[in-house]
file coords-v8.cif (mmCIF, C-alpha atoms and all ligand atoms)
data_work
#
loop_
_atom_site.group_PDB
_atom_site.id
_atom_site.type_symbol
_atom_site.label_atom_id
_atom_site.label_comp_id
_atom_site.auth_asym_id
_atom_site.auth_seq_id
_atom_site.Cartn_x
_atom_site.Cartn_y
_atom_site.Cartn_z
ATOM 1 C CA MET A 1 134.412 -64.373 -32.997
ATOM 2 C CA LEU A 2 131.710 -65.319 -35.454
ATOM 3 C CA PRO A 3 131.456 -63.476 -38.785
ATOM 4 C CA VAL A 4 127.953 -63.344 -40.261
ATOM 5 C CA GLU A 5 126.205 -61.412 -42.967
ATOM 6 C CA ILE A 6 123.003 -59.572 -42.161
ATOM 7 C CA ALA A 7 121.052 -58.088 -45.074
ATOM 8 C CA GLY A 8 124.276 -57.830 -47.058
ATOM 9 C CA SER A 9 126.302 -56.199 -44.256
ATOM 10 C CA PRO A 10 129.312 -58.010 -42.800
ATOM 11 C CA ILE A 11 128.837 -58.272 -39.034
ATOM 12 C CA VAL A 12 130.957 -59.982 -36.412
ATOM 13 C CA LEU A 13 129.603 -61.355 -33.133
ATOM 14 C CA VAL A 14 131.913 -61.736 -30.192
ATOM 15 C CA LYS A 15 131.582 -62.720 -26.549
ATOM 16 C CA GLY A 16 133.608 -60.342 -24.369
ATOM 17 C CA GLU A 17 135.602 -61.271 -21.300
ATOM 18 C CA ASP A 18 132.640 -59.868 -19.365
ATOM 19 C CA GLY A 19 130.474 -62.606 -20.920
ATOM 20 C CA VAL A 20 128.446 -60.098 -22.953
ATOM 21 C CA ILE A 21 127.768 -60.883 -26.614
ATOM 22 C CA ARG A 22 128.291 -57.835 -28.841
ATOM 23 C CA ALA A 23 127.891 -57.244 -32.562
ATOM 24 C CA PHE A 24 130.104 -54.962 -34.653
ATOM 25 C CA HIS A 25 130.287 -54.033 -38.289
ATOM 26 C CA ASN A 26 132.973 -56.428 -39.465
ATOM 27 C CA VAL A 27 135.094 -53.776 -41.107
ATOM 28 C CA CYS A 28 138.413 -52.242 -40.127
ATOM 29 C CA ARG A 29 138.276 -48.488 -39.476
ATOM 30 C CA HIS A 30 141.504 -47.920 -41.408
ATOM 31 C CA ARG A 31 140.776 -48.848 -44.986
ATOM 32 C CA GLY A 32 137.839 -51.118 -44.686
ATOM 33 C CA ALA A 33 139.233 -54.653 -44.736
ATOM 34 C CA LYS A 34 136.888 -57.303 -43.415
ATOM 35 C CA LEU A 35 138.264 -57.938 -39.943
ATOM 36 C CA VAL A 36 137.198 -61.510 -39.270
ATOM 37 C CA ALA A 37 136.767 -64.023 -42.091
ATOM 38 C CA GLU A 38 136.213 -67.274 -40.157
ATOM 39 C CA ASN A 39 135.166 -68.462 -36.716
ATOM 40 C CA LEU A 40 137.967 -67.695 -34.264
ATOM 41 C CA PHE A 41 138.151 -68.945 -30.708
ATOM 42 C CA SER A 42 139.753 -67.606 -27.519
ATOM 43 C CA ARG A 43 140.989 -64.358 -29.077
ATOM 44 C CA LYS A 44 141.552 -61.389 -26.795
ATOM 45 C CA THR A 45 141.616 -58.767 -29.560
ATOM 46 C CA PHE A 46 140.521 -58.154 -33.128
ATOM 47 C CA VAL A 47 143.580 -57.768 -35.369
ATOM 48 C CA CYS A 48 143.146 -56.569 -38.917
ATOM 49 C CA PRO A 49 145.171 -58.716 -41.339
ATOM 50 C CA ASN A 50 145.993 -55.722 -43.537
ATOM 51 C CA HIS A 51 148.092 -53.333 -41.391
ATOM 52 C CA SER A 52 147.541 -54.970 -38.002
ATOM 53 C CA TRP A 53 145.409 -52.346 -36.344
ATOM 54 C CA SER A 54 143.995 -53.985 -33.251
ATOM 55 C CA TYR A 55 140.803 -53.490 -31.279
ATOM 56 C CA SER A 56 139.501 -54.722 -27.958
ATOM 57 C CA LEU A 57 136.562 -57.121 -27.795
ATOM 58 C CA LYS A 58 134.481 -54.068 -26.869
ATOM 59 C CA GLY A 59 135.499 -52.477 -30.169
ATOM 60 C CA GLN A 60 137.953 -49.918 -28.829
ATOM 61 C CA LEU A 61 141.008 -49.161 -30.944
ATOM 62 C CA LEU A 62 144.173 -50.393 -29.183
ATOM 63 C CA VAL A 63 147.242 -50.156 -31.424
ATOM 64 C CA ARG A 64 148.066 -48.788 -34.863
ATOM 65 C CA PRO A 65 151.569 -50.015 -35.792
ATOM 66 C CA HIS A 66 153.761 -47.553 -37.731
ATOM 67 C CA PHE A 67 150.861 -45.130 -37.841
ATOM 68 C CA TYR A 68 153.125 -42.078 -37.620
ATOM 69 C CA GLY A 69 155.828 -43.573 -39.903
ATOM 70 C CA GLY A 70 158.868 -45.804 -39.501
ATOM 71 C CA ASP A 71 158.891 -47.160 -35.987
ATOM 72 C CA SER A 72 156.461 -44.585 -34.706
ATOM 73 C CA HIS A 73 153.431 -46.454 -33.440
ATOM 74 C CA ASP A 74 150.121 -45.253 -32.032
ATOM 75 C CA VAL A 75 149.815 -47.152 -28.770
ATOM 76 C CA ASN A 76 147.905 -44.606 -26.745
ATOM 77 C CA HIS A 77 144.424 -45.925 -27.287
ATOM 78 C CA SER A 78 143.515 -42.934 -29.393
ATOM 79 C CA PRO A 79 140.387 -41.202 -28.137
ATOM 80 C CA CYS A 80 139.343 -40.686 -31.759
ATOM 81 C CA HIS A 81 135.932 -42.364 -31.747
ATOM 82 C CA ARG A 82 136.064 -42.693 -35.517
ATOM 83 C CA ALA A 83 138.765 -45.291 -35.074
ATOM 84 C CA ASN A 84 136.733 -47.596 -32.843
ATOM 85 C CA LEU A 85 134.699 -50.428 -34.314
ATOM 86 C CA VAL A 86 131.082 -49.546 -34.986
ATOM 87 C CA GLU A 87 128.827 -51.470 -32.651
ATOM 88 C CA VAL A 88 125.475 -52.791 -33.802
ATOM 89 C CA ARG A 89 122.507 -53.147 -31.524
ATOM 90 C CA CYS A 90 121.873 -56.765 -30.641
ATOM 91 C CA ALA A 91 119.822 -58.810 -28.217
ATOM 92 C CA VAL A 92 120.278 -62.349 -27.001
ATOM 93 C CA TRP A 93 117.293 -64.585 -26.405
ATOM 94 C CA HIS A 94 118.231 -68.057 -25.204
ATOM 95 C CA ASP A 95 120.591 -69.520 -27.836
ATOM 96 C CA TRP A 96 119.844 -66.909 -30.503
ATOM 97 C CA VAL A 97 121.269 -63.476 -31.250
ATOM 98 C CA PHE A 98 119.156 -60.808 -32.927
ATOM 99 C CA VAL A 99 120.777 -57.855 -34.648
ATOM 100 C CA ASN A 100 119.139 -54.524 -35.434
ATOM 101 C CA LEU A 101 121.201 -52.759 -38.091
ATOM 102 C CA ASP A 102 119.561 -49.327 -38.000
ATOM 103 C CA GLY A 103 119.237 -49.284 -34.211
ATOM 104 C CA GLU A 104 115.623 -48.075 -34.520
ATOM 105 C CA ALA A 105 113.761 -51.228 -33.470
ATOM 106 C CA LYS A 106 111.759 -51.166 -30.275
ATOM 107 C CA ASP A 107 113.108 -52.886 -27.199
ATOM 108 C CA PHE A 108 113.578 -56.555 -28.055
ATOM 109 C CA SER A 109 111.626 -57.818 -25.061
ATOM 110 C CA LEU A 110 108.606 -55.855 -26.341
ATOM 111 C CA TYR A 111 109.206 -57.000 -29.913
ATOM 112 C CA ILE A 112 109.073 -60.642 -28.936
ATOM 113 C CA GLU A 113 106.434 -60.368 -26.233
ATOM 114 C CA PRO A 114 103.588 -61.706 -28.422
ATOM 115 C CA ILE A 115 105.625 -64.926 -28.554
ATOM 116 C CA THR A 116 106.913 -65.170 -25.007
ATOM 117 C CA ARG A 117 103.434 -64.840 -23.568
ATOM 118 C CA HIS A 118 102.565 -68.142 -25.261
ATOM 119 C CA LEU A 119 105.607 -69.935 -23.900
ATOM 120 C CA THR A 120 104.636 -69.998 -20.246
ATOM 121 C CA GLY A 121 105.448 -73.415 -18.833
ATOM 122 C CA TYR A 122 108.235 -74.233 -21.323
ATOM 123 C CA ASP A 123 111.587 -74.008 -19.546
ATOM 124 C CA PHE A 124 113.918 -73.029 -22.395
ATOM 125 C CA SER A 125 116.932 -73.259 -20.068
ATOM 126 C CA GLU A 126 116.527 -77.039 -20.525
ATOM 127 C CA LEU A 127 117.216 -76.820 -24.259
ATOM 128 C CA GLY A 128 120.336 -78.488 -25.616
ATOM 129 C CA PHE A 129 121.520 -78.095 -29.191
ATOM 130 C CA GLY A 130 121.055 -81.311 -31.151
ATOM 131 C CA ASP A 131 121.964 -80.660 -34.753
ATOM 132 C CA ALA A 132 121.520 -78.230 -37.633
ATOM 133 C CA ILE A 133 120.834 -78.803 -41.292
ATOM 134 C CA GLU A 134 121.378 -76.308 -44.087
ATOM 135 C CA PHE A 135 119.716 -75.861 -47.454
ATOM 136 C CA GLU A 136 120.292 -73.624 -50.459
ATOM 137 C CA ILE A 137 117.067 -72.734 -52.206
ATOM 138 C CA LYS A 138 116.368 -71.088 -55.528
ATOM 139 C CA ALA A 139 113.596 -68.903 -54.180
ATOM 140 C CA ASN A 140 113.046 -65.661 -52.348
ATOM 141 C CA TRP A 141 113.366 -65.902 -48.557
ATOM 142 C CA LYS A 142 109.799 -64.671 -48.034
ATOM 143 C CA LEU A 143 108.401 -67.732 -49.788
ATOM 144 C CA ALA A 144 110.346 -69.932 -47.370
ATOM 145 C CA ILE A 145 108.961 -68.117 -44.328
ATOM 146 C CA GLU A 146 105.428 -68.166 -45.712
ATOM 147 C CA ASN A 147 105.706 -71.882 -46.358
ATOM 148 C CA PHE A 148 106.926 -72.452 -42.804
ATOM 149 C CA ILE A 149 103.963 -70.744 -41.182
ATOM 150 C CA GLU A 150 101.066 -71.756 -43.448
ATOM 151 C CA PRO A 151 99.755 -75.298 -42.958
ATOM 152 C CA TYR A 152 97.317 -75.103 -45.889
ATOM 153 C CA HIS A 153 99.775 -77.043 -48.090
ATOM 154 C CA VAL A 154 100.177 -79.937 -45.620
ATOM 155 C CA PHE A 155 97.433 -82.246 -46.929
ATOM 156 C CA SER A 156 98.763 -81.822 -50.454
ATOM 157 C CA CYS A 157 102.559 -81.712 -49.996
ATOM 158 C CA HIS A 158 103.107 -83.778 -46.808
ATOM 159 C CA PRO A 159 100.690 -86.734 -46.702
ATOM 160 C CA TRP A 160 102.512 -88.265 -43.725
ATOM 161 C CA LEU A 161 102.220 -85.068 -41.716
ATOM 162 C CA ASN A 162 98.561 -84.875 -42.573
ATOM 163 C CA SER A 163 97.993 -88.344 -41.151
ATOM 164 C CA PHE A 164 99.671 -87.195 -37.912
ATOM 165 C CA VAL A 165 97.416 -84.151 -37.570
ATOM 166 C CA GLY A 166 94.613 -83.620 -40.087
ATOM 167 C CA MET A 167 93.569 -80.305 -41.579
ATOM 168 C CA ALA A 168 90.485 -80.004 -39.377
ATOM 169 C CA GLU A 169 92.646 -80.167 -36.248
ATOM 170 C CA ARG A 170 94.851 -77.250 -37.282
ATOM 171 C CA GLU A 171 93.875 -74.022 -35.583
ATOM 172 C CA PRO A 172 93.318 -70.792 -37.499
ATOM 173 C CA LEU A 173 96.517 -68.805 -37.881
ATOM 174 C CA THR A 174 96.864 -65.607 -35.913
ATOM 175 C CA PHE A 175 99.125 -62.576 -36.057
ATOM 176 C CA GLU A 176 100.023 -59.695 -33.803
ATOM 177 C CA ASP A 177 102.565 -56.944 -34.488
ATOM 178 C CA HIS A 178 105.691 -58.686 -35.786
ATOM 179 C CA VAL A 179 104.588 -62.196 -34.861
ATOM 180 C CA LEU A 180 102.749 -64.860 -36.850
ATOM 181 C CA ARG A 181 101.448 -67.943 -35.097
ATOM 182 C CA CYS A 182 99.698 -71.255 -35.638
ATOM 183 C CA GLY A 183 99.350 -74.480 -33.709
ATOM 184 C CA TYR A 184 97.398 -77.617 -32.914
ATOM 185 C CA ASN A 185 96.738 -80.252 -30.297
ATOM 186 C CA PHE A 186 97.827 -83.719 -31.387
ATOM 187 C CA GLN A 187 96.172 -86.953 -30.333
ATOM 188 C CA LYS A 188 99.100 -89.338 -30.807
ATOM 189 C CA THR A 189 102.880 -89.313 -30.909
ATOM 190 C CA ASP A 190 104.869 -90.312 -33.953
ATOM 191 C CA PRO A 191 108.346 -91.867 -34.357
ATOM 192 C CA ALA A 192 109.252 -89.306 -37.017
ATOM 193 C CA ARG A 193 108.681 -86.599 -34.421
ATOM 194 C CA GLY A 194 111.104 -88.300 -32.077
ATOM 195 C CA GLU A 195 109.012 -90.666 -29.979
ATOM 196 C CA GLY A 196 110.382 -91.378 -26.502
ATOM 197 C CA LEU A 197 112.406 -88.203 -26.091
ATOM 198 C CA PRO A 198 112.223 -86.443 -22.728
ATOM 199 C CA TYR A 199 109.675 -83.645 -22.380
ATOM 200 C CA PHE A 200 110.109 -80.182 -20.910
ATOM 201 C CA PRO A 201 109.930 -80.679 -17.148
ATOM 202 C CA ASN A 202 106.671 -79.950 -15.348
ATOM 203 C CA LEU A 203 104.762 -79.372 -18.551
ATOM 204 C CA SER A 204 101.008 -78.989 -18.187
ATOM 205 C CA ALA A 205 98.826 -81.820 -19.510
ATOM 206 C CA GLU A 206 97.557 -79.576 -22.290
ATOM 207 C CA LYS A 207 101.051 -78.703 -23.531
ATOM 208 C CA LYS A 208 102.104 -82.337 -23.551
ATOM 209 C CA ASN A 209 99.914 -82.689 -26.635
ATOM 210 C CA ARG A 210 100.628 -79.404 -28.317
ATOM 211 C CA GLY A 211 102.698 -78.006 -31.167
ATOM 212 C CA ASP A 212 103.019 -74.263 -31.798
ATOM 213 C CA TRP A 213 104.682 -72.360 -34.641
ATOM 214 C CA PHE A 214 105.927 -68.814 -34.548
ATOM 215 C CA VAL A 215 107.515 -66.389 -36.974
ATOM 216 C CA LEU A 216 109.252 -63.339 -35.594
ATOM 217 C CA PHE A 217 109.406 -60.891 -38.478
ATOM 218 C CA PRO A 218 111.370 -60.842 -40.631
ATOM 219 C CA ASN A 219 113.065 -64.240 -40.822
ATOM 220 C CA PHE A 220 113.360 -66.022 -37.488
ATOM 221 C CA ALA A 221 110.880 -68.842 -36.945
ATOM 222 C CA PHE A 222 110.544 -71.821 -34.657
ATOM 223 C CA GLU A 223 108.195 -74.509 -33.507
ATOM 224 C CA VAL A 224 107.757 -75.836 -30.011
ATOM 225 C CA PHE A 225 106.825 -79.386 -29.154
ATOM 226 C CA PRO A 226 106.842 -81.021 -25.715
ATOM 227 C CA ASP A 227 110.168 -82.691 -26.541
ATOM 228 C CA GLN A 228 111.926 -80.280 -28.902
ATOM 229 C CA VAL A 229 112.282 -76.783 -30.309
ATOM 230 C CA ASP A 230 113.103 -76.458 -33.989
ATOM 231 C CA VAL A 231 114.448 -73.135 -35.203
ATOM 232 C CA PHE A 232 114.085 -72.110 -38.839
ATOM 233 C CA ILE A 233 115.978 -69.191 -40.341
ATOM 234 C CA ALA A 234 115.705 -68.067 -43.954
ATOM 235 C CA THR A 235 118.596 -65.843 -45.005
ATOM 236 C CA PRO A 236 118.259 -63.891 -48.246
ATOM 237 C CA LEU A 237 121.090 -64.412 -50.735
ATOM 238 C CA GLY A 238 119.514 -62.482 -53.567
ATOM 239 C CA VAL A 239 116.089 -61.748 -54.954
ATOM 240 C CA ASP A 240 115.585 -65.366 -56.024
ATOM 241 C CA ARG A 241 117.882 -67.308 -53.691
ATOM 242 C CA CYS A 242 118.026 -67.960 -49.982
ATOM 243 C CA HIS A 243 119.710 -70.148 -47.417
ATOM 244 C CA GLU A 244 117.771 -72.067 -44.788
ATOM 245 C CA THR A 245 119.090 -73.229 -41.460
ATOM 246 C CA ILE A 246 117.066 -75.619 -39.335
ATOM 247 C CA ALA A 247 118.495 -76.027 -35.846
ATOM 248 C CA ILE A 248 117.041 -78.728 -33.630
ATOM 249 C CA TYR A 249 117.081 -78.500 -29.843
ATOM 250 C CA PHE A 250 116.101 -81.252 -27.434
ATOM 251 C CA ILE A 251 115.249 -81.238 -23.763
ATOM 252 C CA GLY A 252 117.847 -82.062 -21.095
ATOM 253 C CA GLU A 253 119.368 -85.512 -21.630
ATOM 254 C CA GLY A 254 117.466 -85.758 -24.903
ATOM 255 C CA ALA A 255 120.116 -83.598 -26.535
ATOM 256 C CA HIS A 256 123.069 -85.920 -25.985
ATOM 257 C CA ALA A 257 122.319 -89.183 -24.115
ATOM 258 C CA VAL A 258 123.105 -92.295 -26.190
ATOM 259 C CA GLU A 259 119.751 -93.866 -25.388
ATOM 260 C CA TYR A 260 118.014 -91.142 -27.398
ATOM 261 C CA ALA A 261 120.351 -91.289 -30.400
ATOM 262 C CA SER A 262 117.940 -93.092 -32.708
ATOM 263 C CA ALA A 263 115.050 -90.808 -31.707
ATOM 264 C CA ARG A 264 117.250 -87.799 -32.535
ATOM 265 C CA GLU A 265 118.171 -89.355 -35.867
ATOM 266 C CA GLY A 266 114.471 -89.834 -36.588
ATOM 267 C CA VAL A 267 113.803 -86.157 -35.977
ATOM 268 C CA LEU A 268 116.709 -85.145 -38.181
ATOM 269 C CA LYS A 269 115.644 -87.439 -41.002
ATOM 270 C CA ASN A 270 112.111 -86.173 -40.740
ATOM 271 C CA TRP A 271 113.327 -82.594 -41.163
ATOM 272 C CA GLN A 272 115.453 -83.565 -44.162
ATOM 273 C CA ASP A 273 112.510 -85.289 -45.854
ATOM 274 C CA LEU A 274 109.926 -82.720 -44.904
ATOM 275 C CA ASN A 275 112.017 -79.782 -45.941
ATOM 276 C CA SER A 276 112.953 -81.383 -49.249
ATOM 277 C CA GLU A 277 109.229 -81.589 -50.000
ATOM 278 C CA ASP A 278 108.877 -77.944 -49.052
ATOM 279 C CA ILE A 279 111.860 -76.793 -51.104
ATOM 280 C CA GLY A 280 110.392 -78.357 -54.226
ATOM 281 C CA ILE A 281 107.185 -76.399 -53.807
ATOM 282 C CA ILE A 282 108.892 -73.152 -52.756
ATOM 283 C CA GLU A 283 111.017 -73.202 -55.904
ATOM 284 C CA ARG A 284 107.883 -73.788 -57.977
ATOM 285 C CA MET A 285 106.326 -70.764 -56.290
ATOM 286 C CA GLN A 286 109.354 -68.724 -57.323
ATOM 287 C CA GLY A 287 109.098 -70.044 -60.866
ATOM 288 C CA GLY A 288 105.362 -69.397 -61.135
ATOM 289 C CA ARG A 289 105.680 -65.865 -59.915
ATOM 290 C CA ALA A 290 107.941 -65.036 -62.803
ATOM 291 C CA SER A 291 104.740 -65.019 -64.832
ATOM 292 C CA GLU A 292 103.753 -61.520 -65.810
ATOM 293 C CA ARG A 293 100.120 -62.572 -65.272
ATOM 294 C CA PHE A 294 100.541 -63.329 -61.561
ATOM 295 C CA ASP A 295 98.567 -60.539 -59.950
ATOM 296 C CA GLY A 296 98.916 -61.274 -56.232
ATOM 297 C CA GLY A 297 96.614 -64.281 -56.247
ATOM 298 C CA VAL A 298 93.221 -65.218 -54.777
ATOM 299 C CA LEU A 299 93.506 -65.985 -51.095
ATOM 300 C CA SER A 300 91.724 -68.317 -48.704
ATOM 301 C CA PRO A 301 89.840 -66.367 -46.045
ATOM 302 C CA TYR A 302 90.689 -69.073 -43.505
ATOM 303 C CA TRP A 303 94.374 -69.844 -44.109
ATOM 304 C CA ASP A 304 95.860 -66.842 -45.822
ATOM 305 C CA PRO A 305 95.193 -63.689 -43.723
ATOM 306 C CA VAL A 306 98.434 -64.356 -41.857
ATOM 307 C CA LEU A 307 100.292 -64.229 -45.170
ATOM 308 C CA GLN A 308 98.574 -60.949 -45.981
ATOM 309 C CA HIS A 309 99.881 -59.618 -42.680
ATOM 310 C CA PHE A 310 103.380 -60.815 -43.515
ATOM 311 C CA GLY A 311 103.069 -59.018 -46.845
ATOM 312 C CA ARG A 312 101.920 -55.839 -45.092
ATOM 313 C CA LEU A 313 104.918 -55.958 -42.744
ATOM 314 C CA THR A 314 107.295 -56.461 -45.671
ATOM 315 C CA TYR A 315 105.688 -53.624 -47.611
ATOM 316 C CA HIS A 316 105.859 -51.363 -44.576
ATOM 317 C CA TYR A 317 109.591 -51.889 -44.000
ATOM 318 C CA LEU A 318 110.631 -51.922 -47.656
ATOM 319 C CA GLY A 319 108.482 -48.848 -48.177
ATOM 320 C CA GLU A 320 110.282 -47.047 -45.366
ATOM 321 C CA GLN A 321 113.613 -47.657 -47.065
ATOM 322 C CA ASN A 322 112.538 -46.533 -50.537
HETATM 323 S S1 LIG A 401 142.770 -51.950 -43.445
HETATM 324 FE FE1 LIG A 401 142.819 -52.705 -41.458
HETATM 325 S S2 LIG A 401 144.714 -52.060 -40.661
HETATM 326 FE FE2 LIG A 401 144.666 -51.207 -42.658
HETATM 327 FE FE FE A 402 105.693 -77.810 -45.471
#

call {"tool": "encode", "arguments": {"input": "coords-v8.cif", "output": "C-alpha cells", "more": "lines below"}}
Ligand code: FES
Ligand SMILES: [Fe+2]
result
Amino acid sequence: MLPVEIAGSPIVLVKGEDGVIRAFHNVCRHRGAKLVAENLFSRKTFVCPNHSWSYSLKGQLLVRPHFYGGDSHDVNHSPCHRANLVEVRCAVWHDWVFVNLDGEAKDFSLYIEPITRHLTGYDFSELGFGDAIEFEIKANWKLAIENFIEPYHVFSCHPWLNSFVGMAEREPLTFEDHVLRCGYNFQKTDPARGEGLPYFPNLSAEKKNRGDWFVLFPNFAFEVFPDQVDVFIATPLGVDRCHETIAIYFIGEGAHAVEYASAREGVLKNWQDLNSEDIGIIERMQGGRASERFDGGVLSPYWDPVLQHFGRLTYHYLGEQN
C-alpha cells in the first residue's frame, strides 16, 4: 500500500492478490480519516485506524465493528456501494503508475502513443531501478517541466553538457497532443553519462548514439539513452513550490552488478550537479516572474514553440476547471 498525493487529493495505490495495481481515494467512507499514512507491505485488507472499518484490496467494505451498537457488528459485506472505497482510474506503464482523477482522460495507450512510437527497439523490460534523488524547489512545477524539455539554456547553464553535445547538434523540439519531445545524436560517450554501462540489447546502430527527451503532459518526463532511462517528475506543492523526483534506471546487469557501481555513481553525481544548476535558474525564473512587468516574454521561434504548446495545454485544462 503506497499513499501518494495527486493534485492535492490523497490517493492510495495497492497491488491486489490478483497482481493488479489499483488506485483509491485514500479516505475512509465512515468519517473521512486518511486510511493509509505510510508504505505498508503484505497487507490483506485496508483497516481504518479510527473505528476499524475494513476493506478488501479491491476496495469492498468488509467489516464495520459495533456498527449497530454494543457488540452488534456489520459483517455481511454490506451491499451499500457508498461504503466501498472510491476507485480512481489508473494505468500502469512499465514501472510507472498514472492516475486520472476525473476519469475523463482518453485511453492511456492512446494518450502515450506519440511517445511509444518513438521507442521502437528499446526493450523496457530490461530496465532495472538504480536510484532516485529528490529535490524541493521554490518554484512552480511548470517551470521545472519547461526547463527539463528546453535545451536552449544548456550552453549558458551547463557548460559541461554543451561540450558533450553542442547547440547546433540539438534537434528542433517537437510536440504532438500531450507530448513534448526533443533529442540529438551524440558523437562520443562521456564518463558523467555512465561510460561502460550495458546498452539495451539489440539496439540499432543509430540508437546507440542517441538521446531522446519526452514530456507526457502534465508532469511526467523522461529521457532515453542507450544505457539508461531517467524519469523526471515535478509534483506541485503550491503555486510557488514543487518537489522533483529523478529516478534512474539502467539496463540489465547495469542496474546492480558491482562492476558497474562506479559508472552508476557517476550518473547519479551528474544528475545531482546538473539538477542543482537547473534549480538555481528555475528559482530565478520564479523570482523574476513576480515582476508586475513580466508580460509573457519574447520567445525564440526555434526553441520556444514547444513551451508555447505546453502553455496552451495548461491553459486548456485549467480553463476547463474554472
Ligand atoms: S473514520 Fe474510518 S472507521 Fe471511522
Ligand atoms: Fe538544464

call {"tool": "atom_distance", "arguments": {"input": "coords-v8.cif", "atom1": "CA of Asn275 in chain A", "atom2": "CA of Glu136 in chain A"}}
result
11.3 Å

call {"tool": "resolve_selection", "arguments": {"input": "coords-v8.cif", "expression": "the PyMOL selection byres (((chain A and resi 53) around 9) and not hetatm)", "output": "PyMOL selection string"}}
result
chain A and resi 28-30+46-52+54-55+61-65

call {"tool": "residues_near_ligand", "arguments": {"input": "coords-v8.cif", "ligand": "ligand FE 402 (chain A)", "cutoff": "12 Å", "atoms": "all atoms listed in the file", "output": "PyMOL selection string"}}
result
chain A and resi 143-162+270-282

call {"tool": "axis_aligned_box", "arguments": {"input": "coords-v8.cif", "around": "ligand LIG 401 (chain A)", "padding_each_side": "4 Å", "output": "AutoDock Vina command-line options"}}
result
--center_x 143.7 --center_y -52.0 --center_z -42.1 --size_x 9.9 --size_y 9.5 --size_z 10.8

call {"tool": "resolve_selection", "arguments": {"input": "coords-v8.cif", "expression": "the PyMOL selection byres (((chain A and resi 44) around 12) and not hetatm)", "output": "list in words"}}
result
Met1, Val14, Lys15, Gly16, Glu17, Asp18, Leu40, Phe41, Ser42, Arg43, Thr45, Phe46, Val47, Ser54, Tyr55, Ser56, Leu57, Lys58, Gly59 and Leu62 of chain A

call {"tool": "closest_atom_pairs", "arguments": {"input": "coords-v8.cif", "of": "range 195-269 of chain A", "to": "range 91-104 of chain A", "cutoff": "10 Å", "atoms": "all atoms listed in the file", "output": "CSV"}}
result
residue,atom,partner,partner_atom,distance
A:Phe220,CA,A:Phe98,CA,9.0
A:Val231,CA,A:Trp96,CA,9.5
A:Tyr249,CA,A:Asp95,CA,9.8

call {"tool": "write_last_selection", "arguments": {"input": "coords-v8.cif", "atoms": "C-alpha atoms", "output": "PDB file, in the frame of the given file"}}
result
ATOM      1  CA  PHE A 220     113.360 -66.022 -37.488  1.00  0.00           C
ATOM      2  CA  VAL A 231     114.448 -73.135 -35.203  1.00  0.00           C
ATOM      3  CA  TYR A 249     117.081 -78.500 -29.843  1.00  0.00           C
TER       4      TYR A 249
END
